$ cat work05.tsv   # TSV, C-alpha atoms and all ligand atoms
chain	number	residue	atom	x	y	z
A	29	MET	CA	0.00	0.00	0.00
A	30	ALA	CA	1.48	3.27	-1.10
A	31	TYR	CA	1.02	6.21	1.20
A	32	GLU	CA	0.12	9.26	-0.76
A	33	ASP	CA	-0.16	12.74	0.53
A	34	SER	CA	-2.56	14.68	-1.61
A	35	LEU	CA	-5.68	15.76	0.21
A	36	THR	CA	-8.66	15.42	-2.06
A	37	THR	CA	-11.78	13.40	-1.69
A	38	TYR	CA	-14.51	13.39	-4.27
A	39	ASN	CA	-17.92	11.97	-4.54
A	40	LYS	CA	-17.05	10.04	-7.68
A	41	SER	CA	-20.49	9.34	-9.01
A	42	GLY	CA	-21.57	12.92	-8.79
A	43	GLY	CA	-18.16	14.38	-9.47
A	44	ASP	CA	-18.69	16.89	-6.71
A	45	PHE	CA	-15.97	18.11	-4.47
A	46	PHE	CA	-16.74	16.66	-1.13
A	47	SER	CA	-16.01	19.57	1.12
A	48	GLU	CA	-14.72	18.32	4.42
A	49	GLU	CA	-14.85	20.40	7.48
A	50	ILE	CA	-11.21	21.11	8.05
A	51	GLY	CA	-9.92	21.17	11.55
A	52	VAL	CA	-10.55	19.52	14.85
A	53	PHE	CA	-13.50	19.49	17.17
A	54	PRO	CA	-11.80	20.85	20.24
A	55	GLU	CA	-14.65	20.76	22.67
A	56	GLU	CA	-15.81	17.26	21.98
A	57	GLU	CA	-12.28	16.00	21.67
A	58	MET	CA	-11.20	17.66	24.90
A	59	ALA	CA	-14.13	16.12	26.71
A	60	ASP	CA	-13.07	12.70	25.46
A	61	LEU	CA	-9.46	13.31	26.28
A	62	LEU	CA	-10.24	14.40	29.81
A	63	ALA	CA	-12.45	11.42	30.38
A	64	ARG	CA	-10.04	8.71	29.34
A	65	SER	CA	-7.06	7.72	27.36
A	66	LEU	CA	-8.07	7.38	23.71
A	67	ASN	CA	-6.97	4.32	21.82
A	68	GLY	CA	-8.54	2.60	18.84
A	69	TRP	CA	-11.82	3.54	17.19
A	70	VAL	CA	-13.80	6.43	18.63
A	71	GLN	CA	-17.14	7.56	17.26
A	72	ARG	CA	-17.99	11.20	17.56
A	73	ASN	CA	-20.92	13.03	15.96
A	74	GLY	CA	-21.52	10.09	13.65
A	75	PHE	CA	-17.93	9.91	12.40
A	76	TRP	CA	-15.29	7.36	13.27
A	77	TYR	CA	-11.76	8.34	14.29
A	78	PHE	CA	-8.81	6.22	15.24
A	79	TYR	CA	-6.50	7.07	18.13
A	80	VAL	CA	-3.16	5.82	19.29
A	81	ASN	CA	-2.29	7.10	22.76
A	82	ASN	CA	-4.63	10.08	22.43
A	83	ARG	CA	-3.31	11.01	18.99
A	84	ARG	CA	-5.86	11.11	16.23
A	85	GLN	CA	-4.51	9.18	13.23
A	86	THR	CA	-4.72	10.24	9.59
A	87	GLY	CA	-4.12	8.61	6.20
A	88	TRP	CA	-4.09	4.87	5.54
A	89	LEU	CA	-4.66	2.65	8.54
A	90	LEU	CA	-4.08	-1.10	8.52
A	91	ARG	CA	-6.06	-3.21	10.96
A	92	GLY	CA	-5.40	-6.92	11.22
A	93	THR	CA	-3.57	-8.33	8.26
A	94	SER	CA	-5.57	-6.91	5.42
A	95	ASN	CA	-8.20	-4.40	6.50
A	96	TRP	CA	-7.23	-1.01	5.16
A	97	TYR	CA	-9.09	2.15	6.16
A	98	PHE	CA	-8.52	5.72	5.13
A	99	LEU	CA	-8.66	8.48	7.71
A	100	HIS	CA	-9.03	11.97	6.29
A	101	THR	CA	-5.59	13.54	6.14
A	102	THR	CA	-6.71	16.59	8.13
A	103	THR	CA	-9.76	15.72	10.17
A	104	GLY	CA	-9.00	12.05	10.73
A	105	ARG	CA	-12.54	11.04	9.86
A	106	MET	CA	-12.87	7.52	8.52
A	107	GLN	CA	-13.83	7.80	4.85
A	108	THR	CA	-16.39	5.74	2.94
A	109	GLY	CA	-17.31	5.42	-0.73
A	110	TRP	CA	-15.03	6.56	-3.55
A	111	LEU	CA	-11.69	8.05	-2.63
A	112	LEU	CA	-9.18	9.51	-5.07
A	113	ARG	CA	-5.54	9.33	-4.07
A	114	GLY	CA	-2.87	10.89	-6.19
A	115	THR	CA	-4.05	11.78	-9.66
A	116	SER	CA	-5.67	8.56	-10.78
A	117	ASN	CA	-6.04	5.92	-8.10
A	118	TRP	CA	-9.65	5.47	-7.09
A	119	TYR	CA	-10.41	3.36	-4.04
A	120	PHE	CA	-13.78	2.24	-2.79
A	121	LEU	CA	-14.23	2.18	0.96
A	122	ASN	CA	-17.17	0.12	2.14
A	123	PRO	CA	-20.15	2.48	2.44
A	124	PRO	CA	-22.39	2.38	5.49
A	125	ARG	CA	-25.15	-0.20	5.58
A	126	GLY	CA	-27.80	0.76	3.06
A	127	GLY	CA	-25.34	2.76	0.95
A	128	SER	CA	-24.86	1.94	-2.72
A	129	GLY	CA	-22.18	-0.72	-3.03
A	130	HIS	CA	-22.20	-1.72	0.64
A	131	HIS	CA	-20.72	-5.17	1.23
A	132	SER	CA	-22.67	-6.65	4.10
A	133	ASN	CA	-19.93	-9.09	5.09
A	134	ARG	CA	-17.19	-6.44	5.35
A	135	PRO	CA	-16.76	-3.71	7.97
A	136	GLU	CA	-17.87	-0.19	7.16
A	137	GLY	CA	-15.01	1.91	5.80
A	138	VAL	CA	-12.77	-1.00	4.88
A	139	MET	CA	-11.08	-0.83	1.47
A	140	LEU	CA	-12.86	-3.24	-0.87
A	141	THR	CA	-11.22	-5.31	-3.58
A	142	GLU	CA	-12.54	-7.27	-6.58
A	143	TRP	CA	-16.10	-6.63	-7.74
A	144	VAL	CA	-18.26	-3.82	-6.44
A	145	GLN	CA	-21.55	-2.57	-7.80
A	146	THR	CA	-22.40	1.01	-7.05
A	147	GLY	CA	-24.47	3.65	-8.79
A	148	GLY	CA	-25.78	1.01	-11.17
A	149	ARG	CA	-22.33	0.11	-12.53
A	150	TRP	CA	-19.86	-2.67	-11.83
A	151	TYR	CA	-16.22	-1.92	-11.03
A	152	PHE	CA	-13.20	-4.08	-10.35
A	153	LEU	CA	-10.78	-3.06	-7.64
A	154	ASN	CA	-7.27	-4.44	-7.84
A	155	PRO	CA	-6.77	-7.38	-5.48
A	156	ILE	CA	-3.92	-6.97	-3.03
A	157	SER	CA	-0.44	-8.07	-3.99
A	158	GLY	CA	-0.01	-11.82	-4.11
A	159	GLN	CA	-3.62	-12.57	-4.96
A	160	HIS	CA	-4.91	-13.80	-8.30
A	161	ALA	CA	-5.69	-11.09	-10.81
A	162	HIS	CA	-3.51	-8.56	-8.98
A	163	ARG	CA	-1.97	-6.20	-11.48
A	164	THR	CA	1.50	-5.16	-10.52
A	165	GLY	CA	2.11	-1.45	-10.72
A	166	VAL	CA	-1.44	-0.75	-9.51
A	167	PRO	CA	-1.89	-0.44	-5.73
A	168	GLY	CA	-4.10	-2.99	-4.02
A	169	GLY	CA	-7.66	-1.70	-3.93
A	170	ALA	CA	-7.22	0.75	-6.79
A	171	MET	CA	-9.90	0.72	-9.46
A	172	ARG	CA	-8.92	-1.10	-12.64
A	173	THR	CA	-9.54	0.02	-16.18
A	174	GLY	CA	-9.06	-1.80	-19.47
A	175	ARG	CA	-8.93	-5.57	-19.63
A	176	VAL	CA	-9.00	-7.69	-16.50
A	177	VAL	CA	-8.70	-11.47	-16.12
A	178	THR	CA	-10.61	-12.47	-13.01
A	179	THR	CA	-9.78	-16.16	-12.84
A	180	GLY	CA	-10.82	-17.82	-9.64
A	181	PHE	CA	-12.78	-14.93	-8.25
A	182	PHE	CA	-16.32	-14.68	-7.11
A	183	ASP	CA	-18.20	-13.31	-10.01
A	184	ARG	CA	-20.83	-10.68	-9.77
A	185	SER	CA	-23.68	-13.05	-9.17
A	186	GLY	CA	-21.88	-14.52	-6.18
A	187	GLU	CA	-20.78	-17.75	-7.85
A	188	ARG	CA	-17.25	-18.97	-7.67
A	189	THR	CA	-15.86	-19.00	-11.19
A	190	SER	CA	-13.80	-22.01	-12.11
A	191	GLU	CA	-12.75	-20.74	-15.49
A	192	GLY	CA	-10.95	-17.57	-16.43
A	193	GLU	CA	-13.19	-14.65	-17.09
A	194	VAL	CA	-11.95	-11.76	-19.15
A	195	HIS	CA	-13.71	-8.46	-18.71
A	196	ASP	CA	-13.35	-5.02	-20.22
A	197	PHE	CA	-13.75	-1.83	-18.22
A	198	ASN	CA	-13.89	1.62	-19.74
A	199	SER	CA	-11.63	4.53	-18.84
A	200	ASN	CA	-13.96	5.45	-15.95
A	201	GLY	CA	-13.65	1.95	-14.56
A	202	ALA	CA	-17.22	0.98	-15.41
A	203	TRP	CA	-17.63	-2.61	-16.53
A	204	GLN	CA	-18.43	-2.96	-20.21
A	205	ARG	CA	-18.53	-6.62	-21.14
A	206	GLN	CA	-17.16	-10.07	-20.68
A	207	VAL	CA	-14.98	-10.86	-23.64
A	208	ASN	CA	-13.74	-14.43	-23.39
A	209	ASN	CA	-15.17	-17.44	-25.16
A	210	ASP	CA	-17.90	-18.21	-22.69
A	211	ALA	CA	-19.02	-14.63	-22.79
A	212	ARG	CA	-22.65	-13.98	-22.14
A	213	HIS	CA	-22.55	-10.60	-23.77
A	214	MET	CA	-21.97	-9.15	-27.17
A	215	THR	CA	-19.96	-6.11	-27.98
A	216	LEU	CA	-23.10	-4.04	-28.33
A	217	TRP	CA	-25.98	-3.14	-26.14
A	218	TRP	CA	-28.44	-0.40	-25.50
A	219	PRO	CA	-27.46	2.42	-23.26
A	220	ARG	CA	-28.71	1.72	-19.81
A	221	GLY	CA	-31.30	4.13	-18.60
A	222	GLY	CA	-34.31	4.05	-16.37
A	223	GLN	CA	-35.29	1.07	-14.32
A	224	PRO	CA	-36.19	-1.02	-16.16
A	225	THR	CA	-34.48	0.15	-19.33
A	226	THR	CA	-37.15	0.58	-21.99
A	227	ILE	CA	-36.44	-0.12	-25.64
A	228	ASN	CA	-38.98	0.77	-28.28
A	229	PHE	CA	-39.99	-0.75	-31.60
A	230	GLN	CA	-42.25	0.30	-34.44
A	231	PRO	CA	-45.64	-1.44	-34.20
A	232	PHE	CA	-45.98	-4.35	-36.62
A	233	ASN	CA	-48.93	-6.34	-37.80
A	234	PHE	CA	-48.72	-9.77	-39.38
A	235	ASN	CA	-51.31	-12.44	-39.96
A	236	SER	CA	-52.72	-14.61	-37.22
A	237	SER	CA	-50.21	-17.40	-37.73
A	238	TRP	CA	-47.30	-15.02	-37.00
A	239	GLN	CA	-48.40	-12.08	-34.90
A	240	PRO	CA	-49.33	-13.96	-31.69
A	241	GLY	CA	-45.97	-15.75	-31.50
A	242	MET	CA	-44.08	-12.53	-32.19
A	243	ASN	CA	-46.06	-10.72	-29.49
A	244	SER	CA	-45.37	-13.55	-27.14
A	245	GLY	CA	-41.61	-13.30	-27.76
A	246	ILE	CA	-41.82	-9.69	-26.64
A	247	ASN	CA	-44.10	-10.37	-23.69
A	248	ASN	CA	-41.87	-13.17	-22.47
A	249	TRP	CA	-39.19	-10.56	-21.85
A	250	ASN	CA	-41.60	-7.97	-20.52
A	251	ASN	CA	-43.07	-10.43	-18.03
A	252	SER	CA	-39.68	-11.61	-16.82
A	253	THR	CA	-37.56	-10.20	-14.02
A	254	ALA	CA	-34.97	-8.93	-16.51
A	255	ASN	CA	-34.55	-5.18	-16.09
A	256	VAL	CA	-35.60	-4.41	-19.66
A	257	ARG	CA	-38.96	-3.74	-21.30
A	258	PHE	CA	-39.92	-3.51	-24.96
A	259	ILE	CA	-42.60	-1.00	-25.82
A	260	HIS	CA	-44.13	-0.05	-29.16
A	261	HIS	CA	-43.74	3.49	-30.39
A	262	ASN	CA	-45.01	4.89	-33.69
A	263	ASN	CA	-41.86	6.90	-34.39
A	264	SER	CA	-39.39	4.19	-33.46
A	265	ASN	CA	-36.48	3.47	-35.82
A	266	ASN	CA	-36.42	-0.11	-34.63
A	267	THR	CA	-38.30	-2.60	-36.76
A	268	VAL	CA	-39.47	-6.19	-36.62
A	269	ASN	CA	-40.30	-8.16	-39.76
A	270	ALA	CA	-41.22	-11.68	-40.80
A	271	LEU	CA	-40.44	-12.56	-44.40
A	272	SER	CA	-39.01	-15.31	-46.54
A	273	ARG	CA	-35.24	-15.11	-46.80
A	274	THR	CA	-32.70	-17.29	-48.57
A	275	TRP	CA	-30.27	-17.33	-45.67
A	276	ASN	CA	-30.30	-20.36	-43.39
A	277	SER	CA	-30.88	-18.99	-39.91
A	278	TYR	CA	-34.29	-18.54	-38.30
A	279	GLY	CA	-33.78	-14.92	-37.54
A	280	ARG	CA	-31.33	-12.11	-38.05
A	281	ILE	CA	-30.66	-8.83	-36.41
A	282	TYR	CA	-29.01	-5.74	-37.81
A	283	MET	CA	-27.69	-3.32	-35.24
A	284	THR	CA	-26.33	0.19	-35.51
A	285	ARG	CA	-23.56	1.28	-33.17
A	286	SER	CA	-23.15	4.65	-31.56
A	287	THR	CA	-19.45	4.74	-32.42
A	288	SER	CA	-16.89	2.65	-34.25
A	289	ASN	CA	-14.89	2.37	-31.04
A	290	ILE	CA	-16.23	-0.94	-29.82
A	291	ALA	CA	-14.99	-0.37	-26.29
A	292	GLU	CA	-17.40	2.52	-25.87
A	293	ALA	CA	-20.13	1.55	-28.33
A	294	THR	CA	-23.77	1.00	-27.58
A	295	THR	CA	-26.55	-0.13	-29.85
A	296	THR	CA	-28.62	2.76	-31.12
A	297	ARG	CA	-30.88	0.96	-33.57
A	298	TYR	CA	-31.97	-2.56	-34.44
A	299	GLN	CA	-33.85	-4.29	-37.21
A	300	ILE	CA	-35.08	-7.83	-36.62
A	301	GLU	CA	-36.02	-10.21	-39.41
A	302	LEU	CA	-37.67	-13.55	-38.77
A	303	ASN	CA	-37.12	-15.94	-41.67
A	304	SER	CA	-40.53	-17.46	-42.48
A	305	ARG	CA	-38.97	-19.99	-44.85
A	306	THR	CA	-36.71	-21.67	-42.29
A	307	ILE	CA	-39.17	-21.28	-39.41
A	308	ASN	CA	-41.97	-22.90	-41.42
A	309	SER	CA	-39.71	-25.75	-42.34
A	310	LEU	CA	-38.69	-26.28	-38.70
A	311	ILE	CA	-42.36	-26.41	-37.69
A	312	ASN	CA	-43.19	-28.81	-40.50
A	313	ASN	CA	-40.38	-31.14	-39.45
A	314	ASN	CA	-41.53	-31.31	-35.83
A	315	ALA	CA	-45.16	-32.33	-35.84
A	316	SER	CA	-45.69	-32.02	-32.09
A	317	TRP	CA	-44.28	-28.51	-31.85
A	318	THR	CA	-46.51	-25.46	-31.96
A	319	ARG	CA	-46.01	-22.60	-34.38
A	320	HIS	CA	-46.66	-20.19	-31.54
A	321	ASN	CA	-43.81	-21.59	-29.44
A	322	VAL	CA	-41.24	-21.66	-32.23
A	323	ILE	CA	-41.96	-18.11	-33.33
A	324	SER	CA	-41.87	-16.91	-29.71
A	325	SER	CA	-38.54	-18.60	-29.19
A	326	VAL	CA	-36.93	-17.04	-32.26
A	327	MET	CA	-38.41	-13.63	-31.54
A	328	ALA	CA	-37.27	-13.69	-27.91
A	329	HIS	CA	-33.81	-14.83	-29.02
A	330	GLU	CA	-33.37	-11.84	-31.31
A	331	LEU	CA	-34.52	-9.50	-28.58
A	332	GLY	CA	-31.85	-11.09	-26.40
A	333	HIS	CA	-29.32	-9.75	-28.91
A	334	VAL	CA	-30.91	-6.31	-28.72
A	335	VAL	CA	-30.29	-6.12	-25.00
A	336	GLY	CA	-26.71	-7.27	-25.41
A	337	LEU	CA	-26.69	-11.04	-25.13
A	338	ARG	CA	-24.53	-13.03	-27.47
A	339	ASP	CA	-25.24	-16.44	-28.94
A	340	ASN	CA	-24.50	-19.01	-26.28
A	341	PRO	CA	-23.18	-22.09	-28.01
A	342	THR	CA	-22.46	-24.08	-24.84
A	343	GLY	CA	-24.91	-26.94	-24.59
A	344	GLY	CA	-24.82	-27.19	-20.81
A	345	THR	CA	-26.62	-24.00	-19.95
A	346	SER	CA	-30.30	-23.63	-20.58
A	347	SER	CA	-30.52	-20.41	-22.51
A	348	LEU	CA	-32.68	-18.67	-25.02
A	349	MET	CA	-29.42	-17.74	-26.71
A	350	ASN	CA	-28.37	-21.35	-27.28
A	351	GLY	CA	-28.57	-22.12	-30.99
A	352	ASN	CA	-29.26	-25.80	-30.23
A	353	ARG	CA	-32.12	-25.17	-27.82
A	354	ASN	CA	-35.48	-26.81	-28.21
A	355	ARG	CA	-37.47	-24.01	-29.79
A	356	ASN	CA	-40.74	-25.56	-28.70
A	357	THR	CA	-39.89	-25.51	-24.97
A	358	ILE	CA	-37.37	-22.69	-24.50
A	359	THR	CA	-39.45	-19.73	-25.53
A	360	ARG	CA	-38.67	-17.27	-22.79
A	361	PRO	CA	-35.53	-15.97	-21.08
A	362	THR	CA	-34.10	-18.54	-18.67
A	363	THR	CA	-32.59	-17.84	-15.26
A	364	PHE	CA	-29.18	-17.64	-16.92
A	365	ASP	CA	-30.43	-15.17	-19.54
A	366	ILE	CA	-32.07	-12.93	-16.96
A	367	GLN	CA	-28.94	-12.97	-14.83
A	368	SER	CA	-26.87	-12.04	-17.90
A	369	VAL	CA	-29.16	-9.14	-18.76
A	370	ASN	CA	-29.29	-7.84	-15.21
A	371	MET	CA	-25.51	-7.61	-15.19
A	372	LEU	CA	-25.96	-4.89	-17.81
A	373	TYR	CA	-29.02	-3.03	-16.61
B	1	ZN	ZN	-28.42	-15.32	-32.33

$ encode --input "work05.tsv" --output "structure tokens"
Amino acid sequence: MAYEDSLTTYNKSGGDFFSEEIGVFPEEEMADLLARSLNGWVQRNGFWYFYVNNRRQTGWLLRGTSNWYFLHTTTGRMQTGWLLRGTSNWYFLNPPRGGSGHHSNRPEGVMLTEWVQTGGRWYFLNPISGQHAHRTGVPGGAMRTGRVVTTGFFDRSGERTSEGEVHDFNSNGAWQRQVNNDARHMTLWWPRGGQPTTINFQPFNFNSSWQPGMNSGINNWNNSTANVRFIHHNNSNNTVNALSRTWNSYGRIYMTRSTSNIAEATTTRYQIELNSRTINSLINNNASWTRHNVISSVMAHELGHVVGLRDNPTGGTSSLMNGNRNRNTITRPTTFDIQSVNMLY
């Protein structure tokens, strides 16, 4: 842990200067000092301070073998939330219970490492030296940017990952996507916004053998616990079509990016085409399947791409995004799909 001397704390999410009351609290402190010898944590007016033989401590404080705290360099108050040290090292100190990003199994104020979710975004804080995924040259606890391999760490849904995960973070440290082979996500997705994020489409009207299944593909997302909703809007640029195509897949999606820089890109427009030729042939070849189910499944799959899911070729996971799924039974987002989407929104 590097000790750095600049005195600046910011509320990172808001970007506001967090104006600290500079100075001591002579009356309260004197009362404490007269009453007893101060050692260890002392709470005063809702703030925590740390004393060694009556001396209020400042800066980084190590407790036990790995619990780092930061005490304001002037006031000595224990800090929580985002903390900037030096010019570029952001740390995240466990917020109070109920605060955004609070880790319930870690003490308040302690420097967090690995994954944190705060303000609706995921961040990755450099593990301490000697641990997996530690990047040398970056202090333990400092926010990572760029590409991170998180092999062996608890992932964001609380599961231990047995395989390497490779994730990209943007220059502000916000998680963008998982990029390795088992990735759940594509390089594109809608900008997050609102809760749930709403994505519109131009109303469409097909005959009774197509429209109900297409509606159902939409409703299966809207009725799920995924934090996205599809709504129709007359002026939408986003379109859905069903028509006979010569290509072999059941559906296709065309997406427009906000920028050619993939690391920062989001999807700004989509056009979905369901291929009536291949879908009809699939239905004809599976006598017990219903047209409604197959169309729902293909429609819901394409909408999965809209919200940022990639094709999931692994056979083991039940997923709407699995190209080998049973299109008569998997017609709505699965637990895995919903979890993948809620990582983004
Ligand atoms: Zn696909």

$ closest_residue --input "work05.tsv" --among "A:Asn117, A:Gly137, A:Ala202, A:Thr284" --to "His100 (chain A)" --atoms "only C-alpha atoms"
A:Gly137

$ residues_near_ligand --input "work05.tsv" --ligand "ligand ZN 1 (chain B)" --cutoff "12 Å" --atoms "only C-alpha atoms and all ligand atoms" --output "PyMOL selection string"
chain A and resi 212-214+277-282+300-302+325-341+347-353

$ atom_distance --input "work05.tsv" --atom1 "CA of Asn122 (chain A)" --atom2 "CA of His160 (chain A)"
21.3 Å

$ residues_around --input "work05.tsv" --residues "Phe120 (chain A)" --least-positions-apart "2" --cutoff "7 Å" --atoms "only C-alpha atoms" --output "ChimeraX atom specification"
/A:109-111,118,122,139-140

$ atom_distance --input "work05.tsv" --atom1 "CA of Thr86 (chain A)" --atom2 "CA of Pro124 (chain A)"
19.8 Å

$ residues_around --input "work05.tsv" --residues "region 237-243 of chain A" --least-positions-apart "5" --cutoff "7 Å" --atoms "all atoms listed in the file" --output "list in words"
His320, Asn321, Ile323, Ser324 and Met327 of chain A

$ residues_near_point --input "work05.tsv" --point "(-39.9, 0.4, -36.6)" --cutoff "7 Å" --atoms "all atoms listed in the file" --output "number ranges by chain"
A: 229-231, 264-268
